[in-house]
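All remarks here apply to the structure that follows.
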Amino acid sequence: MPARNGHFSADLKPRRGKLLRCTLTLEDGVIADLRFTGDFFMMPGAAVATLERHLAGRTPDDVAAAIDAFFSQAEVDMLGVTPKHFVEVVRMAIKNRK
Amino acid sequence: MNTWRCIVHGPADAPANMAIDESLLVSGTPTLRLYTWHPSALSIGYFQGIREEVNLDACERHHVDVVRRISGGGAVYHDRAGEITYSLVLPEQELPRDVQQSCERICTALASGLQQLGVDARFSPLNDVVVNGQKISGSAQTRRRGHVLQHGTVLLDVDVALMFSLLRVSTTKIADKAITEASARVTSLRHLTGEIDRDNVITALQQGFADVFDVTLQEGGLTDDERERLPELREKYASQEWTFQR
């Protein structure tokens, strides 16, 4: 059974890409807090905080669709990571309790 | 042939240097800026977690400032004697729309400048310039309201052991391994040419940008508007709120 509470974290370093780290907190099976850090490029920079807020309050099962929806609407330029890397690193993090 | 402003000046501290770059980005006037840092500083990328990346105790011990950049990318050590930093501000339409292609164009200008110093410098994706496969320059880019800022470092001399002591590494064993690996991946003009004449390097970099972008550089300074923004921006970059936001 998937964990419903706790702190989780994972690093993703795509081949020829940049480091993307996800740190998140689950409370009662819902994302209470989530941060993306790393040496990737995203422009405008404020978009990452918008994405983090967009994911707060969602369940892990909803994350992939929420990230896809965010990047389909946001005007964001990136280097070193892609939208699928954000989906992947959250999935990895949820399996990796700190 | 277009004319760009070129600002060359002596050392400033980390918050002042980042404030000037952001003020230039707001203006969007085509500008090449070449500068140094005093005291030495570690700049981290906008998205990096400071406690994940930086050995804050070591920075304090070595009197190295820590500043968060407005651009993404990784942590960069700006030694007060061992590097020159460049920043370039252009309207977006003067560069390829694609971030990678625009980064390549600017890094090609850096490489062209370094080639004039007799080193075989080449762009290396995603955001580096290398000589014989070893990194001599790294860059970071951001964009705002139709303007592009790319800034980065050109290594004149490098103390890899000091550089790594400022970054977070978990054990001595890993640190030793990392230093060995980094030494093999990083080079400097002193290592390659045996000498550093800062003025020659600046002249060569200016020529590289002039050649690749087919522009004339005209030495200048900040405008009144750009200066007026500095105190508030400097305060931001010096603040704990900005530096420790991630």
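Within each chain, counting starts at residue 1; across the structure tokens, chains are named A, B, ... in the order shown, with ligands numbered 1 upward in that order.
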Residues within 7 Å of segment 45-58 of chain B, please, as an mmCIF file with N, CA and C atoms, in the first residue's frame. Count only C-alpha atoms; anything in the same chain fewer than 2 positions from it doesn't count.
data_model
loop_
_atom_site.group_PDB
_atom_site.id
_atom_site.type_symbol
_atom_site.label_atom_id
_atom_site.label_comp_id
_atom_site.auth_asym_id
_atom_site.auth_seq_id
_atom_site.Cartn_x
_atom_site.Cartn_y
_atom_site.Cartn_z
ATOM 1 N N THR A 37 14.063 21.473 -7.179
ATOM 2 C CA THR A 37 15.334 22.197 -7.162
ATOM 3 C C THR A 37 16.293 21.521 -8.141
ATOM 4 N N GLY A 38 17.390 22.223 -8.440
ATOM 5 C CA GLY A 38 18.386 21.647 -9.338
ATOM 6 C C GLY A 38 19.031 22.701 -10.206
ATOM 7 N N ASP A 39 19.869 22.253 -11.138
ATOM 8 C CA ASP A 39 20.603 23.201 -11.980
ATOM 9 C C ASP A 39 20.009 23.299 -13.381
ATOM 10 N N SER B 43 28.091 31.857 -6.664
ATOM 11 C CA SER B 43 26.729 32.146 -7.114
ATOM 12 C C SER B 43 26.030 30.823 -7.394
ATOM 13 N N GLU B 60 31.855 30.914 4.781
ATOM 14 C CA GLU B 60 32.120 31.934 5.798
ATOM 15 C C GLU B 60 33.593 31.913 6.212
ATOM 16 N N ARG B 61 34.126 30.696 6.366
ATOM 17 C CA ARG B 61 35.529 30.546 6.774
ATOM 18 C C ARG B 61 36.473 31.173 5.746
ATOM 19 N N HIS B 62 36.149 31.018 4.478
ATOM 20 C CA HIS B 62 37.012 31.547 3.404
ATOM 21 C C HIS B 62 36.592 32.956 2.958
ATOM 22 N N ARG B 68 22.310 34.228 -4.785
ATOM 23 C CA ARG B 68 21.448 33.488 -5.714
ATOM 24 C C ARG B 68 21.275 34.313 -6.983
ATOM 25 N N ARG B 69 21.517 33.667 -8.121
ATOM 26 C CA ARG B 69 21.357 34.376 -9.392
ATOM 27 C C ARG B 69 19.890 34.422 -9.805
ATOM 28 N N ILE B 70 19.609 35.263 -10.785
ATOM 29 C CA ILE B 70 18.279 35.297 -11.390
ATOM 30 C C ILE B 70 18.173 34.209 -12.466
ATOM 31 N N SER B 71 19.302 33.666 -12.886
ATOM 32 C CA SER B 71 19.358 32.645 -13.939
ATOM 33 C C SER B 71 19.447 31.250 -13.331
ATOM 34 N N GLY B 72 19.059 30.259 -14.125
ATOM 35 C CA GLY B 72 19.177 28.877 -13.677
ATOM 36 C C GLY B 72 20.623 28.415 -13.735
ATOM 37 N N GLY B 73 20.789 27.079 -13.807
ATOM 38 C CA GLY B 73 22.138 26.542 -13.874
ATOM 39 C C GLY B 73 22.677 26.165 -12.511
ATOM 40 N N GLY B 74 23.974 25.902 -12.459
ATOM 41 C CA GLY B 74 24.586 25.372 -11.254
ATOM 42 C C GLY B 74 25.380 26.402 -10.477
ATOM 43 N N ALA B 75 26.002 25.919 -9.393
ATOM 44 C CA ALA B 75 26.815 26.787 -8.546
ATOM 45 C C ALA B 75 28.124 27.114 -9.255
ATOM 46 N N SER B 165 35.626 22.733 -1.710
ATOM 47 C CA SER B 165 35.400 22.866 -0.272
ATOM 48 C C SER B 165 34.190 23.761 0.002
ATOM 49 N N LEU B 166 33.796 24.549 -0.974
ATOM 50 C CA LEU B 166 32.667 25.461 -0.801
ATOM 51 C C LEU B 166 31.334 24.794 -1.138
ATOM 52 N N LEU B 167 31.427 23.630 -1.774
ATOM 53 C CA LEU B 167 30.207 22.919 -2.170
ATOM 54 C C LEU B 167 29.938 21.784 -1.208
ATOM 55 N N ARG B 168 28.697 21.335 -1.168
ATOM 56 C CA ARG B 168 28.328 20.252 -0.264
ATOM 57 C C ARG B 168 28.769 18.906 -0.828
ATOM 58 N N PHE B 244 17.895 32.491 0.510
ATOM 59 C CA PHE B 244 17.481 31.217 1.111
ATOM 60 C C PHE B 244 16.070 30.815 0.682
ATOM 61 N N ARG B 246 15.154 28.862 -1.578
ATOM 62 C CA ARG B 246 15.103 27.420 -1.872
ATOM 63 C C ARG B 246 16.236 26.702 -1.195
#
With a distance cut-off of 12 Å and only C-alpha atoms, select the neighbouring residues of Thr216 of chain B, excluding the residue or stretch itself and same-chain residues fewer than 2 positions from it, and output the selection as a PyMOL selection string. chain B and resi 1-6+30-32+206-214+218-219
Dump C-alpha atoms for the selected residues as a compact mmCIF listing (two decimals), in the first residue's frame?
# COMPACT_ATOMS: atom_id res chain seq x y z
CA MET B 1 26.65 47.12 -38.50
CA ASN B 2 24.94 47.41 -35.10
CA THR B 3 26.61 48.93 -32.09
CA TRP B 4 26.49 47.40 -28.62
CA ARG B 5 27.43 49.11 -25.42
CA CYS B 6 30.40 47.51 -23.65
CA PRO B 30 22.31 45.51 -26.22
CA THR B 31 25.19 45.35 -23.76
CA LEU B 32 28.28 43.27 -23.15
CA GLN B 206 35.34 41.71 -26.94
CA GLN B 207 36.74 40.76 -30.34
CA GLY B 208 35.04 37.37 -30.19
CA PHE B 209 31.62 38.93 -29.61
CA ALA B 210 32.23 41.62 -32.25
CA ASP B 211 33.20 38.99 -34.83
CA VAL B 212 30.47 36.42 -34.18
CA PHE B 213 27.64 38.96 -33.87
CA ASP B 214 29.07 41.34 -36.47
CA GLN B 218 31.36 51.07 -27.81
CA GLU B 219 32.58 51.50 -24.25
Taking only C-alpha atoms into account and nothing else, which residues of chain A lie no more than 8 Å away from chain B? Please answer as a list in words. Arg16, Gly17, Phe36, Thr37, Gly38, Asp39, Phe40, Phe41, Met42, Met43, Pro44, Gly45, Asp77, Met78, Leu79 and Gly80 of chain A
Could you write out that same residue set with C-alpha atoms as a compact mmCIF listing (two decimals), in the first residue's frame?
# COMPACT_ATOMS: atom_id res chain seq x y z
CA ARG A 16 22.81 15.16 -21.38
CA GLY A 17 20.40 17.04 -19.14
CA PHE A 36 11.67 21.26 -7.40
CA THR A 37 15.33 22.20 -7.16
CA GLY A 38 18.39 21.65 -9.34
CA ASP A 39 20.60 23.20 -11.98
CA PHE A 40 18.02 23.14 -14.76
CA PHE A 41 16.84 26.20 -16.70
CA MET A 42 13.24 27.36 -16.77
CA MET A 43 12.09 30.70 -18.09
CA PRO A 44 10.37 32.59 -16.65
CA GLY A 45 11.88 31.50 -13.35
CA ASP A 77 11.14 27.66 -22.05
CA MET A 78 13.37 25.01 -20.55
CA LEU A 79 16.87 23.66 -21.02
CA GLY A 80 18.20 20.45 -19.52
At a cut-off of 7 Å, using only C-alpha atoms, what residues contact Ile31 of chain A? Leave out same-chain residues fewer than 6 positions from it and give the result as number ranges by chain. A: 24-25, 56-59
DSSP strand (DSSP E or B) residues within chain A, as a PyMOL selection string: chain A and resi 6-12+20-27+30-38+41-43+77-79+97
Given the selection you just returned, output its residues as a file containing C-alpha atoms, formatted as a PDB file, in the first residue's frame.
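Output file again-v7.pdb follows:
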ATOM      1  CA  GLY A   6       5.931  11.487   5.280  1.00  0.00           C
ATOM      2  CA  HIS A   7       8.753  13.322   3.565  1.00  0.00           C
ATOM      3  CA  PHE A   8      10.002  12.056   0.217  1.00  0.00           C
ATOM      4  CA  SER A   9      12.764  13.000  -2.184  1.00  0.00           C
ATOM      5  CA  ALA A  10      14.382  11.878  -5.436  1.00  0.00           C
ATOM      6  CA  ASP A  11      17.000  13.110  -7.894  1.00  0.00           C
ATOM      7  CA  LEU A  12      16.745  12.739 -11.646  1.00  0.00           C
ATOM      8  CA  LEU A  20      16.105  17.834 -11.211  1.00  0.00           C
ATOM      9  CA  ARG A  21      15.348  17.102  -7.544  1.00  0.00           C
ATOM     10  CA  CYS A  22      11.871  16.741  -6.075  1.00  0.00           C
ATOM     11  CA  THR A  23      11.236  17.017  -2.358  1.00  0.00           C
ATOM     12  CA  LEU A  24       7.667  16.601  -1.148  1.00  0.00           C
ATOM     13  CA  THR A  25       5.546  16.030   1.917  1.00  0.00           C
ATOM     14  CA  LEU A  26       2.465  13.824   1.914  1.00  0.00           C
ATOM     15  CA  GLU A  27      -0.272  14.332   4.500  1.00  0.00           C
ATOM     16  CA  VAL A  30      -2.277  14.416  -0.411  1.00  0.00           C
ATOM     17  CA  ILE A  31       0.720  16.540  -1.442  1.00  0.00           C
ATOM     18  CA  ALA A  32       1.014  19.131   1.306  1.00  0.00           C
ATOM     19  CA  ASP A  33       4.263  20.666   0.072  1.00  0.00           C
ATOM     20  CA  LEU A  34       6.451  20.124  -2.970  1.00  0.00           C
ATOM     21  CA  ARG A  35       9.692  21.681  -4.209  1.00  0.00           C
ATOM     22  CA  PHE A  36      11.669  21.264  -7.404  1.00  0.00           C
ATOM     23  CA  THR A  37      15.334  22.197  -7.162  1.00  0.00           C
ATOM     24  CA  GLY A  38      18.386  21.647  -9.338  1.00  0.00           C
ATOM     25  CA  PHE A  41      16.844  26.199 -16.696  1.00  0.00           C
ATOM     26  CA  MET A  42      13.238  27.363 -16.765  1.00  0.00           C
ATOM     27  CA  MET A  43      12.086  30.703 -18.090  1.00  0.00           C
ATOM     28  CA  ASP A  77      11.141  27.659 -22.054  1.00  0.00           C
ATOM     29  CA  MET A  78      13.374  25.008 -20.548  1.00  0.00           C
ATOM     30  CA  LEU A  79      16.866  23.662 -21.015  1.00  0.00           C
ATOM     31  CA  ARG A  97      10.789   8.133   1.809  1.00  0.00           C
TER      32      ARG A  97
END
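The space separating atom CA of Asp159 of chain B from atom CA of Ala184 of chain B comes to 12.6 Å.
The nearest approach to Cys59 of chain B among the residues B:Thr29, B:Leu162, B:Asp13, B:Gly133, with only C-alpha atoms taken into account, belongs to B:Leu162.
Nearest residue to Ala14 of chain B among B:Asn200, B:Ser137, B:Thr193, B:Ser40 is B:Ser40, counting only C-alpha atoms.
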Would you list, as a ChimeraX atom specification, the residues of chain A that end up in alpha helix (DSSP H) under DSSP run on this structure's backbone? /A:47-55,63-73,83-94
Given the choices A:Ile94, A:Val89, A:Leu51, A:Ala46, which gets closest to Gln73 of chain A if the distance is worked out from only C-alpha atoms? A:Leu51
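Across the model, the gap from atom CA of Ala204 of chain B to atom CA of Leu34 of chain B is 11.6 Å.
Checking B:Phe164, B:His38, B:Val131, B:Phe123 one by one against Gly10 of chain B, counting only C-alpha atoms, you find the shortest gap at B:His38.
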